file input_9.txt (compact mmCIF, C-alpha atoms and all ligand atoms)
# COMPACT_ATOMS: atom_id res chain seq x y z
CA MET J 1 42.13 179.66 162.40
CA SER J 2 39.80 176.85 163.41
CA ASP J 3 39.38 173.73 161.28
CA ALA J 4 35.70 174.58 160.76
CA LEU J 5 36.54 178.05 159.43
CA GLN J 6 39.24 176.66 157.16
CA SER J 7 36.80 174.10 155.83
CA ILE J 8 34.21 176.81 155.06
CA GLN J 9 36.86 178.93 153.31
CA HIS J 10 37.96 175.93 151.28
CA ARG J 11 34.36 175.17 150.30
CA ILE J 12 33.69 178.79 149.26
CA LYS J 13 36.88 178.85 147.14
CA ASP J 14 35.84 175.60 145.51
CA LEU J 15 32.34 176.89 144.70
CA LEU J 16 33.77 180.09 143.22
CA ARG J 17 36.19 178.12 141.07
CA GLN J 18 33.47 175.78 139.84
CA GLY J 19 31.32 178.80 138.98
CA ALA J 20 34.22 180.37 137.06
CA ILE J 21 34.79 177.12 135.15
CA ARG J 22 31.08 176.91 134.22
CA LEU J 23 31.18 180.52 133.05
CA CYS J 24 34.32 179.85 131.02
CA ARG J 25 32.76 176.78 129.41
CA GLY J 26 29.65 178.82 128.55
CA LEU J 27 31.79 181.53 126.94
CA LEU J 28 33.75 178.94 124.96
CA ARG J 29 30.52 177.30 123.80
CA MET J 30 29.12 180.62 122.59
CA GLY J 31 32.36 181.92 121.09
CA SER J 32 33.68 178.75 119.42
CA GLN J 33 33.08 177.45 115.94
CA LEU J 34 32.14 173.86 115.25
CA TYR J 35 35.15 171.65 114.58
CA GLU J 36 35.03 170.28 111.05
CA LEU J 37 36.35 166.77 110.60
CA GLY J 38 39.42 166.90 108.35
CA GLU J 39 40.45 164.08 106.04
CA GLY J 40 43.81 162.37 106.38
CA PRO J 41 45.90 161.01 109.24
CA THR J 42 45.75 162.54 112.69
CA VAL J 43 48.28 162.41 115.52
CA ILE J 44 47.35 162.90 119.16
CA ILE J 45 50.30 163.71 121.41
CA ALA J 46 49.79 162.72 125.05
CA PRO J 47 52.37 163.47 127.77
CA HIS J 48 50.78 160.77 129.95
CA GLN J 49 48.50 157.77 129.55
CA ASP J 50 45.08 159.38 130.09
CA ASP J 51 45.58 162.86 128.57
CA GLU J 52 44.54 161.63 125.11
CA THR J 53 41.30 160.09 126.36
CA LEU J 54 40.32 162.88 128.77
CA ALA J 55 40.89 165.71 126.32
CA CYS J 56 40.48 164.05 122.91
CA GLY J 57 38.53 160.82 123.49
CA GLY J 58 35.55 162.17 121.56
CA ILE J 59 37.53 163.26 118.56
CA ILE J 60 39.50 160.00 118.48
CA SER J 61 36.27 157.99 118.58
CA ARG J 62 34.61 160.18 115.94
CA LYS J 63 37.53 159.92 113.53
CA ARG J 64 37.92 156.18 113.99
CA ASN J 65 34.19 155.69 113.40
CA GLU J 66 34.63 157.62 110.15
CA GLY J 67 37.43 155.24 109.15
CA LEU J 68 40.17 157.87 109.55
CA SER J 69 43.58 156.92 110.90
CA VAL J 70 44.53 158.23 114.33
CA ASP J 71 47.97 157.63 115.85
CA ILE J 72 48.61 158.23 119.53
CA ILE J 73 52.10 159.19 120.72
CA PHE J 74 52.69 158.87 124.47
CA ILE J 75 55.74 160.83 125.52
CA THR J 76 56.34 159.60 129.09
CA ASP J 77 56.00 156.20 130.74
CA GLY J 78 53.57 157.58 133.35
CA SER J 79 55.68 156.16 136.15
CA ALA J 80 55.51 159.24 138.41
CA SER J 81 51.79 159.22 139.15
CA HIS J 82 52.20 157.45 142.51
CA PRO J 83 55.63 158.27 143.95
CA GLN J 84 56.60 156.03 146.87
CA HIS J 85 53.61 153.77 146.46
CA PRO J 86 54.24 150.80 148.82
CA ARG J 87 53.13 148.12 146.33
CA LEU J 88 53.94 149.52 142.88
CA ASP J 89 57.39 150.73 141.92
CA ALA J 90 58.03 152.94 138.90
CA HIS J 91 58.42 149.96 136.55
CA ALA J 92 55.17 148.34 137.67
CA LEU J 93 53.33 151.65 137.37
CA ALA J 94 54.63 152.15 133.85
CA GLN J 95 53.42 148.67 132.88
CA LEU J 96 50.01 149.25 134.47
CA ARG J 97 49.55 152.57 132.71
CA LYS J 98 50.51 151.04 129.37
CA GLN J 99 47.91 148.30 129.85
CA GLU J 100 45.26 150.85 130.80
CA ALA J 101 46.11 152.95 127.74
CA MET J 102 45.72 149.97 125.42
CA ARG J 103 42.34 149.12 126.95
CA ALA J 104 41.14 152.75 126.73
CA LEU J 105 42.30 153.08 123.14
CA SER J 106 40.68 149.82 122.21
CA CYS J 107 37.35 151.35 123.41
CA LEU J 108 38.06 154.20 121.00
CA LYS J 109 38.88 151.74 118.17
CA VAL J 110 42.57 152.63 117.91
CA GLU J 111 44.61 149.60 116.95
CA ARG J 112 47.94 148.59 118.51
CA PRO J 113 50.22 149.58 115.57
CA ALA J 114 48.89 153.15 115.84
CA VAL J 115 49.93 153.49 119.49
CA HIS J 116 53.49 154.68 120.15
CA PHE J 117 55.14 154.70 123.57
CA LEU J 118 58.27 156.86 123.66
CA SER J 119 58.70 155.98 127.36
CA GLN J 120 60.56 159.04 128.61
CA THR J 121 60.83 158.91 132.40
CA ASP J 122 57.75 160.62 133.80
CA GLY J 123 58.43 163.81 135.74
CA THR J 124 61.75 164.62 134.05
CA LEU J 125 60.70 166.39 130.83
CA HIS J 126 61.12 169.92 132.15
CA ARG J 127 64.74 169.24 133.10
CA LEU J 128 66.03 167.10 130.24
CA ALA J 129 69.67 167.66 129.34
CA ALA J 130 70.22 169.24 125.92
CA VAL J 131 71.33 165.89 124.44
CA GLU J 132 68.29 164.03 125.77
CA ARG J 133 66.00 166.77 124.46
CA GLU J 134 67.63 166.54 121.05
CA VAL J 135 67.26 162.74 120.93
CA LEU J 136 63.58 163.01 121.82
CA ILE J 137 62.91 165.67 119.18
CA VAL J 138 64.72 163.59 116.54
CA ARG J 139 62.55 160.56 117.43
CA LEU J 140 59.40 162.68 117.27
CA THR J 141 60.40 164.23 113.95
CA ALA J 142 61.03 160.81 112.42
CA LEU J 143 57.70 159.48 113.67
CA LEU J 144 55.80 162.50 112.35
CA ARG J 145 57.47 162.20 108.94
CA THR J 146 56.43 158.53 108.79
CA ILE J 147 52.80 159.19 109.77
CA ALA J 148 52.56 162.48 107.83
CA PRO J 149 49.55 163.79 109.78
CA VAL J 150 47.31 166.54 108.46
CA GLU J 151 46.23 167.35 112.01
CA ILE J 152 48.13 167.22 115.30
CA PHE J 153 46.57 167.62 118.75
CA LEU J 154 48.87 168.52 121.64
CA PRO J 155 48.52 170.02 125.12
CA CYS J 156 47.86 173.73 125.55
CA MET J 157 50.78 176.02 126.24
CA PRO J 158 50.68 176.82 129.11
CA ASP J 159 48.54 174.07 130.59
CA GLY J 160 49.47 174.38 134.25
CA SER J 161 51.78 171.33 134.12
CA SER J 162 55.53 171.51 133.57
CA GLU J 163 55.41 168.15 131.76
CA HIS J 164 52.66 169.26 129.38
CA ASP J 165 54.41 172.57 128.72
CA ALA J 166 57.68 170.78 127.96
CA VAL J 167 55.89 168.46 125.52
CA PHE J 168 54.46 171.44 123.68
CA GLY J 169 58.02 172.70 123.08
CA PHE J 170 59.34 169.31 121.89
CA VAL J 171 56.46 168.70 119.53
CA THR J 172 56.37 172.14 117.94
CA ASP J 173 60.14 171.88 117.35
CA ALA J 174 59.63 168.46 115.77
CA ILE J 175 56.80 169.71 113.54
CA ALA J 176 58.97 172.60 112.36
CA ARG J 177 61.86 170.25 111.57
CA SER J 178 59.62 167.71 109.84
CA GLY J 179 58.72 170.08 107.03
CA LEU J 180 55.07 169.03 107.45
CA LYS J 181 52.32 171.63 107.54
CA PRO J 182 49.59 170.04 109.65
CA ALA J 183 46.80 171.93 111.37
CA ILE J 184 47.86 172.14 115.02
CA TRP J 185 45.27 172.05 117.80
CA GLN J 186 45.94 172.63 121.48
CA TYR J 187 43.81 170.78 123.99
CA PRO J 188 43.39 171.81 127.64
CA VAL J 189 43.80 169.35 130.51
CA TRP J 190 45.01 171.00 133.72
CA SER J 191 44.15 174.47 132.46
CA TRP J 192 40.45 173.58 132.75
CA ARG J 193 40.94 174.17 136.48
CA ASN J 194 42.28 177.66 135.80
CA PRO J 195 39.70 179.52 133.68
CA LEU J 196 41.95 182.58 133.38
CA LEU J 197 44.59 180.43 131.70
CA LEU J 198 41.97 179.07 129.30
CA LEU J 199 40.51 182.44 128.45
CA ARG J 200 43.99 183.85 127.82
CA ARG J 201 44.67 180.95 125.47
CA TRP J 202 41.45 181.68 123.63
CA LEU J 203 42.21 185.40 123.32
CA ALA J 204 45.76 184.65 122.13
CA THR J 205 44.66 182.21 119.42
CA ASN J 206 41.29 183.77 118.59
CA ASP J 207 40.25 180.41 117.14
CA CYS J 208 38.49 177.90 119.37
CA ARG J 209 36.69 174.89 117.90
CA ARG J 210 34.03 172.79 119.58
CA LEU J 211 33.34 169.12 118.98
CA PRO J 212 29.93 168.04 120.33
CA LEU J 213 30.45 164.45 121.43
CA GLU J 214 26.97 163.14 120.54
CA ASP J 215 27.25 159.44 119.60
CA ASN J 216 30.89 159.31 120.72
CA GLN J 217 30.23 160.36 124.29
CA GLN J 218 29.59 156.85 125.55
CA ALA J 219 32.80 155.43 124.07
CA LYS J 220 34.80 158.25 125.64
CA PHE J 221 33.22 157.76 129.06
CA VAL J 222 33.91 154.01 128.94
CA ALA J 223 37.51 154.70 127.88
CA ILE J 224 38.01 157.07 130.83
CA GLN J 225 36.94 154.26 133.16
CA CYS J 226 39.87 152.16 131.86
CA TYR J 227 42.22 154.51 133.73
CA GLN J 228 41.35 153.17 137.17
CA SER J 229 44.89 153.77 138.48
CA GLN J 230 44.37 157.48 137.88
CA ILE J 231 40.70 158.10 138.63
CA ALA J 232 40.39 155.87 141.71
CA PRO J 233 42.64 155.34 144.74
CA LEU J 234 45.30 152.67 144.24
CA PRO J 235 45.18 150.76 147.57
CA PRO J 236 46.42 151.40 150.16
CA ASP J 237 46.19 155.04 148.95
CA THR J 238 42.89 156.65 149.85
CA THR J 239 42.90 159.44 147.28
CA ALA J 240 43.05 159.20 143.49
CA ALA J 241 45.96 160.56 141.45
CA LEU J 242 43.58 162.73 139.43
CA PRO J 243 41.22 164.94 141.44
CA ALA J 244 37.59 163.88 140.90
CA ASP J 245 36.59 167.42 139.98
CA LEU J 246 39.18 167.43 137.18
CA VAL J 247 37.95 164.12 135.73
CA LYS J 248 34.36 165.41 135.82
CA LEU J 249 35.37 168.32 133.60
CA PHE J 250 35.95 165.83 130.78
CA GLN J 251 32.71 163.91 131.29
CA THR J 252 30.75 166.56 129.43
CA ASP J 253 29.10 166.87 126.03
CA ALA J 254 31.83 168.65 124.07
CA GLU J 255 35.58 168.98 123.57
CA TYR J 256 37.38 172.25 122.85
CA PHE J 257 40.53 172.90 120.86
CA PHE J 258 42.58 176.04 120.24
CA ARG J 259 44.35 176.63 116.94
CA TYR J 260 48.11 177.05 117.04
CA ARG J 261 50.22 178.34 114.18
CA LEU J 262 53.98 177.88 114.05
CA PRO J 263 55.90 181.14 113.84
CA ALA J 264 56.51 182.07 110.21
CA ASN J 265 60.30 181.80 110.45
CA THR J 266 60.32 178.12 111.46
CA GLY J 267 61.06 175.53 108.84
CA PRO J 268 62.55 172.11 108.22
CA ALA J 269 66.08 171.31 109.21
CA ALA J 270 68.59 171.56 106.40
ZN ZN D 301 49.30 164.60 131.70

call {"tool": "encode", "arguments": {"input": "input_9.txt", "output": "C-alpha cells", "more": "lines below"}}
Ligand SMILES: [Zn+2]
result
Amino acid sequence: MSDALQSIQHRIKDLLRQGAIRLCRGLLRMGSQLYELGEGPTVIIAPHQDDETLACGGIISRKRNEGLSVDIIFITDGSASHPQHPRLDAHALAQLRKQEAMRALSCLKVERPAVHFLSQTDGTLHRLAAVEREVLIVRLTALLRTIAPVEIFLPCMPDGSSEHDAVFGFVTDAIARSGLKPAIWQYPVWSWRNPLLLLRRWLATNDCRRLPLEDNQQAKFVAIQCYQSQIAPLPPDTTAALPADLVKLFQTDAEYFFRYRLPANTGPAA
C-alpha cells in the first residue's frame, strides 16, 4: 500500500474516531445528572502526575474555591513517561514530574500537605508481586483512614491503561479495608479515546454526573499547561508523551464521573 493511501486511511480513521467521541460526549451530556458538590474531605487518586488535573482539575478547583479540603494521592513516580530519554533518566523524570504536579496543584489551590506521593515505580503496577501489592494497599488504607474522605475519585475500570486499571483494584481494596463508606466516582482518562469503553461504563453504572467547569475552567487550563513534560516534546524528542488529541479532550467545558459502588460483601479487615 502506498504511503499516500495509508495516510488517507489514517486520516479517515481519525475523523471517524473524533466523530464517535463527539457523539459520546453529546450522549453523556444529555444523559448525565449535574454533579452536586458534597461537603467533607475529598480524595483524588491519580496513577500519574497529570491524571488528576486532566480529569478532575475542574472539580478540584471548584471544591478548593468553596473552602473544601481535597487531598491528592499519586500512586506512581511517573518515571516511565520517556523511556530511554537521552537527557533524563528515571530519577530525573520522577523529580520533574513531581515539580510539575506541585505547580499544577498550586494553580488549583491545593496546598503541599494535601499532596501525597506514594512513588511506586511507574510501569510496574500491573505486575507487582503479592507482597508489594499488599504493602501498597496497607499504605493506601492507612492514608484513607487518616483523611476520612466522603468522596473518592479514581480512574475508570477499565480505562484502557494497565496502570490505571491496577490502581482501581488497589484503591477499591483499600476502601473496603478502611471501613469508610465514601461516595466513589470513576473518572475517564484514556477511555475518552475509546467511546465504546465509555458507553459501556455508563451503561454498567447507570449513574453519570456532569460538572460544568464555568469559573473553574481557566484554572484547570492553566494547571494543564504546568505539565509541559507530558503535553509538549521533551527535547530532543519531537513528539509529546501525551497525544495532543487526548489533551484536547480535557480542555472542554465539563467533567464527567461515573458512580461506583463496592460489592455488598466487602467490608473492613478484622
Ligand atoms: Zn495516567

call {"tool": "closest_residue", "arguments": {"input": "input_9.txt", "among": "J:Arg139, J:His48, J:Arg145, J:Lys109", "to": "Asn65 of chain J", "atoms": "only C-alpha atoms"}}
result
J:Lys109

call {"tool": "atom_distance", "arguments": {"input": "input_9.txt", "atom1": "atom CA of Val222 of chain J", "atom2": "atom CA of Ala241 of chain J"}}
result
18.6 Å

call {"tool": "closest_atom_pairs", "arguments": {"input": "input_9.txt", "of": "segment 53-132 of chain J", "to": "segment 223-231 of chain J", "cutoff": "7 Å", "atoms": "all atoms listed in the file", "output": "CSV"}}
result
residue,atom,partner,partner_atom,distance
J:Thr53,CA,J:Ile224,CA,6.3
J:Leu54,CA,J:Ile224,CA,6.6
J:Glu100,CA,J:Tyr227,CA,5.6
J:Arg103,CA,J:Cys226,CA,6.3
J:Ala104,CA,J:Ala223,CA,4.3
J:Leu105,CA,J:Ala223,CA,6.9
J:Cys107,CA,J:Ala223,CA,5.6
J:Leu108,CA,J:Ala223,CA,6.9

call {"tool": "closest_atom_pairs", "arguments": {"input": "input_9.txt", "of": "chain J", "to": "ligand ZN 301 (chain D)", "cutoff": "9 Å", "atoms": "all atoms listed in the file", "output": "CSV"}}
result
residue,atom,partner,partner_atom,distance
J:Ala46,CA,D:ZN301,ZN,6.9
J:Pro47,CA,D:ZN301,ZN,5.1
J:His48,CA,D:ZN301,ZN,4.5
J:Gln49,CA,D:ZN301,ZN,7.2
J:Asp50,CA,D:ZN301,ZN,6.9
J:Asp51,CA,D:ZN301,ZN,5.2
J:Glu52,CA,D:ZN301,ZN,8.7
J:Gly78,CA,D:ZN301,ZN,8.4
J:Pro155,CA,D:ZN301,ZN,8.6
J:Ser161,CA,D:ZN301,ZN,7.6
J:Glu163,CA,D:ZN301,ZN,7.1
J:His164,CA,D:ZN301,ZN,6.2
J:Val189,CA,D:ZN301,ZN,7.4
J:Trp190,CA,D:ZN301,ZN,8.0

call {"tool": "residues_near_point", "arguments": {"input": "input_9.txt", "point": "(61.4, 168.9, 130.2)", "cutoff": "12 Å", "atoms": "only C-alpha atoms", "output": "JSON, numbers by chain"}}
result
{"J": [47, 75, 76, 120, 121, 122, 123, 124, 125, 126, 127, 128, 129, 130, 131, 132, 133, 134, 136, 137, 161, 162, 163, 164, 165, 166, 167, 168, 169, 170, 171]}

call {"tool": "atom_distance", "arguments": {"input": "input_9.txt", "atom1": "atom CA of Pro182 of chain J", "atom2": "atom CA of Asn216 of chain J"}}
result
24.2 Å

call {"tool": "residues_around", "arguments": {"input": "input_9.txt", "residues": "Tyr187 of chain J", "least_positions_apart": "2", "cutoff": "8 Å", "atoms": "only C-alpha atoms", "output": "number ranges by chain"}}
result
J: 55-56, 153-156, 185, 189, 256-258

call {"tool": "residues_around", "arguments": {"input": "input_9.txt", "residues": "His85 of chain J", "least_positions_apart": "5", "cutoff": "12 Å", "atoms": "all atoms listed in the file", "output": "VMD selection string"}}
result
chain J and resid 79 to 80 90 to 93 229 233 to 238 241

call {"tool": "decode", "arguments": {"input": "input_9.txt", "residues": "segment 190-221 of chain J", "atoms": "N, CA, C and O atoms", "output": "JSON list (two decimals), in the first residue's frame"}}
result
[["chain", "number", "residue", "atom", "x", "y", "z"],
["J", 190, "TRP", "N", -7.84, 7.65, 29.57],
["J", 190, "TRP", "CA", -7.57, 7.03, 28.27],
["J", 190, "TRP", "C", -8.85, 6.53, 27.61],
["J", 190, "TRP", "O", -8.92, 6.43, 26.39],
["J", 191, "SER", "N", -9.85, 6.22, 28.41],
["J", 191, "SER", "CA", -11.08, 5.68, 27.80],
["J", 191, "SER", "C", -11.85, 6.74, 27.01],
["J", 191, "SER", "O", -12.75, 6.40, 26.25],
["J", 192, "TRP", "N", -11.48, 8.02, 27.16],
["J", 192, "TRP", "CA", -12.10, 9.03, 26.29],
["J", 192, "TRP", "C", -11.81, 8.74, 24.81],
["J", 192, "TRP", "O", -12.57, 9.11, 23.93],
["J", 193, "ARG", "N", -10.67, 8.08, 24.56],
["J", 193, "ARG", "CA", -10.32, 7.80, 23.16],
["J", 193, "ARG", "C", -11.04, 6.55, 22.64],
["J", 193, "ARG", "O", -10.88, 6.19, 21.48],
["J", 194, "ASN", "N", -11.76, 5.88, 23.51],
["J", 194, "ASN", "CA", -12.47, 4.67, 23.12],
["J", 194, "ASN", "C", -13.93, 4.80, 23.57],
["J", 194, "ASN", "O", -14.31, 4.31, 24.63],
["J", 195, "PRO", "N", -14.76, 5.47, 22.77],
["J", 195, "PRO", "CA", -16.13, 5.75, 23.19],
["J", 195, "PRO", "C", -16.92, 4.51, 23.59],
["J", 195, "PRO", "O", -17.76, 4.59, 24.49],
["J", 196, "LEU", "N", -16.61, 3.36, 22.97],
["J", 196, "LEU", "CA", -17.35, 2.14, 23.35],
["J", 196, "LEU", "C", -17.08, 1.78, 24.81],
["J", 196, "LEU", "O", -17.97, 1.38, 25.55],
["J", 197, "LEU", "N", -15.83, 1.97, 25.22],
["J", 197, "LEU", "CA", -15.44, 1.69, 26.61],
["J", 197, "LEU", "C", -16.21, 2.62, 27.55],
["J", 197, "LEU", "O", -16.72, 2.20, 28.59],
["J", 198, "LEU", "N", -16.31, 3.89, 27.15],
["J", 198, "LEU", "CA", -17.02, 4.87, 27.98],
["J", 198, "LEU", "C", -18.50, 4.56, 28.08],
["J", 198, "LEU", "O", -19.10, 4.63, 29.16],
["J", 199, "LEU", "N", -19.09, 4.24, 26.93],
["J", 199, "LEU", "CA", -20.53, 3.98, 26.94],
["J", 199, "LEU", "C", -20.84, 2.72, 27.75],
["J", 199, "LEU", "O", -21.84, 2.66, 28.46],
["J", 200, "ARG", "N", -19.95, 1.72, 27.66],
["J", 200, "ARG", "CA", -20.16, 0.52, 28.46],
["J", 200, "ARG", "C", -20.08, 0.84, 29.95],
["J", 200, "ARG", "O", -20.84, 0.31, 30.76],
["J", 201, "ARG", "N", -19.15, 1.73, 30.31],
["J", 201, "ARG", "CA", -19.03, 2.13, 31.71],
["J", 201, "ARG", "C", -20.32, 2.81, 32.18],
["J", 201, "ARG", "O", -20.83, 2.56, 33.25],
["J", 202, "TRP", "N", -20.84, 3.66, 31.32],
["J", 202, "TRP", "CA", -22.07, 4.38, 31.64],
["J", 202, "TRP", "C", -23.23, 3.40, 31.84],
["J", 202, "TRP", "O", -23.98, 3.48, 32.82],
["J", 203, "LEU", "N", -23.37, 2.46, 30.88],
["J", 203, "LEU", "CA", -24.47, 1.50, 30.97],
["J", 203, "LEU", "C", -24.33, 0.65, 32.23],
["J", 203, "LEU", "O", -25.31, 0.32, 32.91],
["J", 204, "ALA", "N", -23.07, 0.28, 32.57],
["J", 204, "ALA", "CA", -22.85, -0.59, 33.73],
["J", 204, "ALA", "C", -23.19, 0.14, 35.03],
["J", 204, "ALA", "O", -23.71, -0.46, 35.97],
["J", 205, "THR", "N", -22.88, 1.44, 35.10],
["J", 205, "THR", "CA", -23.10, 2.15, 36.36],
["J", 205, "THR", "C", -24.47, 2.82, 36.39],
["J", 205, "THR", "O", -25.02, 3.04, 37.46],
["J", 206, "ASN", "N", -24.96, 3.19, 35.21],
["J", 206, "ASN", "CA", -26.25, 3.86, 35.11],
["J", 206, "ASN", "C", -26.32, 5.13, 35.95],
["J", 206, "ASN", "O", -27.39, 5.53, 36.42],
["J", 207, "ASP", "N", -25.17, 5.72, 36.24],
["J", 207, "ASP", "CA", -25.16, 6.96, 37.03],
["J", 207, "ASP", "C", -23.94, 7.78, 36.62],
["J", 207, "ASP", "O", -22.84, 7.55, 37.09],
["J", 208, "CYS", "N", -24.17, 8.71, 35.71],
["J", 208, "CYS", "CA", -23.08, 9.59, 35.26],
["J", 208, "CYS", "C", -23.40, 11.01, 35.71],
["J", 208, "CYS", "O", -24.52, 11.48, 35.54],
["J", 209, "ARG", "N", -22.42, 11.67, 36.29],
["J", 209, "ARG", "CA", -22.62, 13.05, 36.75],
["J", 209, "ARG", "C", -21.73, 13.99, 35.93],
["J", 209, "ARG", "O", -20.63, 13.62, 35.52],
["J", 210, "ARG", "N", -22.24, 15.20, 35.76],
["J", 210, "ARG", "CA", -21.55, 16.19, 34.93],
["J", 210, "ARG", "C", -21.25, 17.42, 35.76],
["J", 210, "ARG", "O", -22.12, 17.94, 36.45],
["J", 211, "LEU", "N", -20.00, 17.86, 35.70],
["J", 211, "LEU", "CA", -19.63, 19.11, 36.37],
["J", 211, "LEU", "C", -19.30, 20.16, 35.31],
["J", 211, "LEU", "O", -18.23, 20.08, 34.69],
["J", 212, "PRO", "N", -20.19, 21.13, 35.07],
["J", 212, "PRO", "CA", -19.82, 22.23, 34.17],
["J", 212, "PRO", "C", -18.70, 23.02, 34.81],
["J", 212, "PRO", "O", -18.76, 23.35, 36.00],
["J", 213, "LEU", "N", -17.66, 23.33, 34.05],
["J", 213, "LEU", "CA", -16.48, 23.94, 34.67],
["J", 213, "LEU", "C", -16.67, 25.42, 34.99],
["J", 213, "LEU", "O", -16.14, 25.92, 35.97],
["J", 214, "GLU", "N", -17.39, 26.13, 34.14],
["J", 214, "GLU", "CA", -17.71, 27.54, 34.39],
["J", 214, "GLU", "C", -16.48, 28.30, 34.86],
["J", 214, "GLU", "O", -15.47, 28.32, 34.19],
["J", 215, "ASP", "N", -16.56, 28.91, 36.06],
["J", 215, "ASP", "CA", -15.47, 29.78, 36.55],
["J", 215, "ASP", "C", -14.17, 29.02, 36.79],
["J", 215, "ASP", "O", -13.12, 29.63, 36.97],
["J", 216, "ASN", "N", -14.24, 27.69, 36.86],
["J", 216, "ASN", "CA", -13.03, 26.92, 37.19],
["J", 216, "ASN", "C", -12.26, 26.46, 35.95],
["J", 216, "ASN", "O", -11.21, 25.86, 36.06],
["J", 217, "GLN", "N", -12.84, 26.76, 34.79],
["J", 217, "GLN", "CA", -12.22, 26.30, 33.55],
["J", 217, "GLN", "C", -10.81, 26.87, 33.37],
["J", 217, "GLN", "O", -9.87, 26.15, 33.04],
["J", 218, "GLN", "N", -10.68, 28.16, 33.63],
["J", 218, "GLN", "CA", -9.40, 28.82, 33.41],
["J", 218, "GLN", "C", -8.30, 28.23, 34.29],
["J", 218, "GLN", "O", -7.19, 27.96, 33.82],
["J", 219, "ALA", "N", -8.63, 28.02, 35.57],
["J", 219, "ALA", "CA", -7.64, 27.45, 36.49],
["J", 219, "ALA", "C", -7.20, 26.07, 36.01],
["J", 219, "ALA", "O", -6.02, 25.72, 36.06],
["J", 220, "LYS", "N", -8.16, 25.28, 35.54],
["J", 220, "LYS", "CA", -7.82, 23.94, 35.06],
["J", 220, "LYS", "C", -6.91, 24.03, 33.83],
["J", 220, "LYS", "O", -5.90, 23.31, 33.74],
["J", 221, "PHE", "N", -7.24, 24.91, 32.91],
["J", 221, "PHE", "CA", -6.44, 25.01, 31.68],
["J", 221, "PHE", "C", -5.02, 25.47, 32.00],
["J", 221, "PHE", "O", -4.05, 24.99, 31.39]]
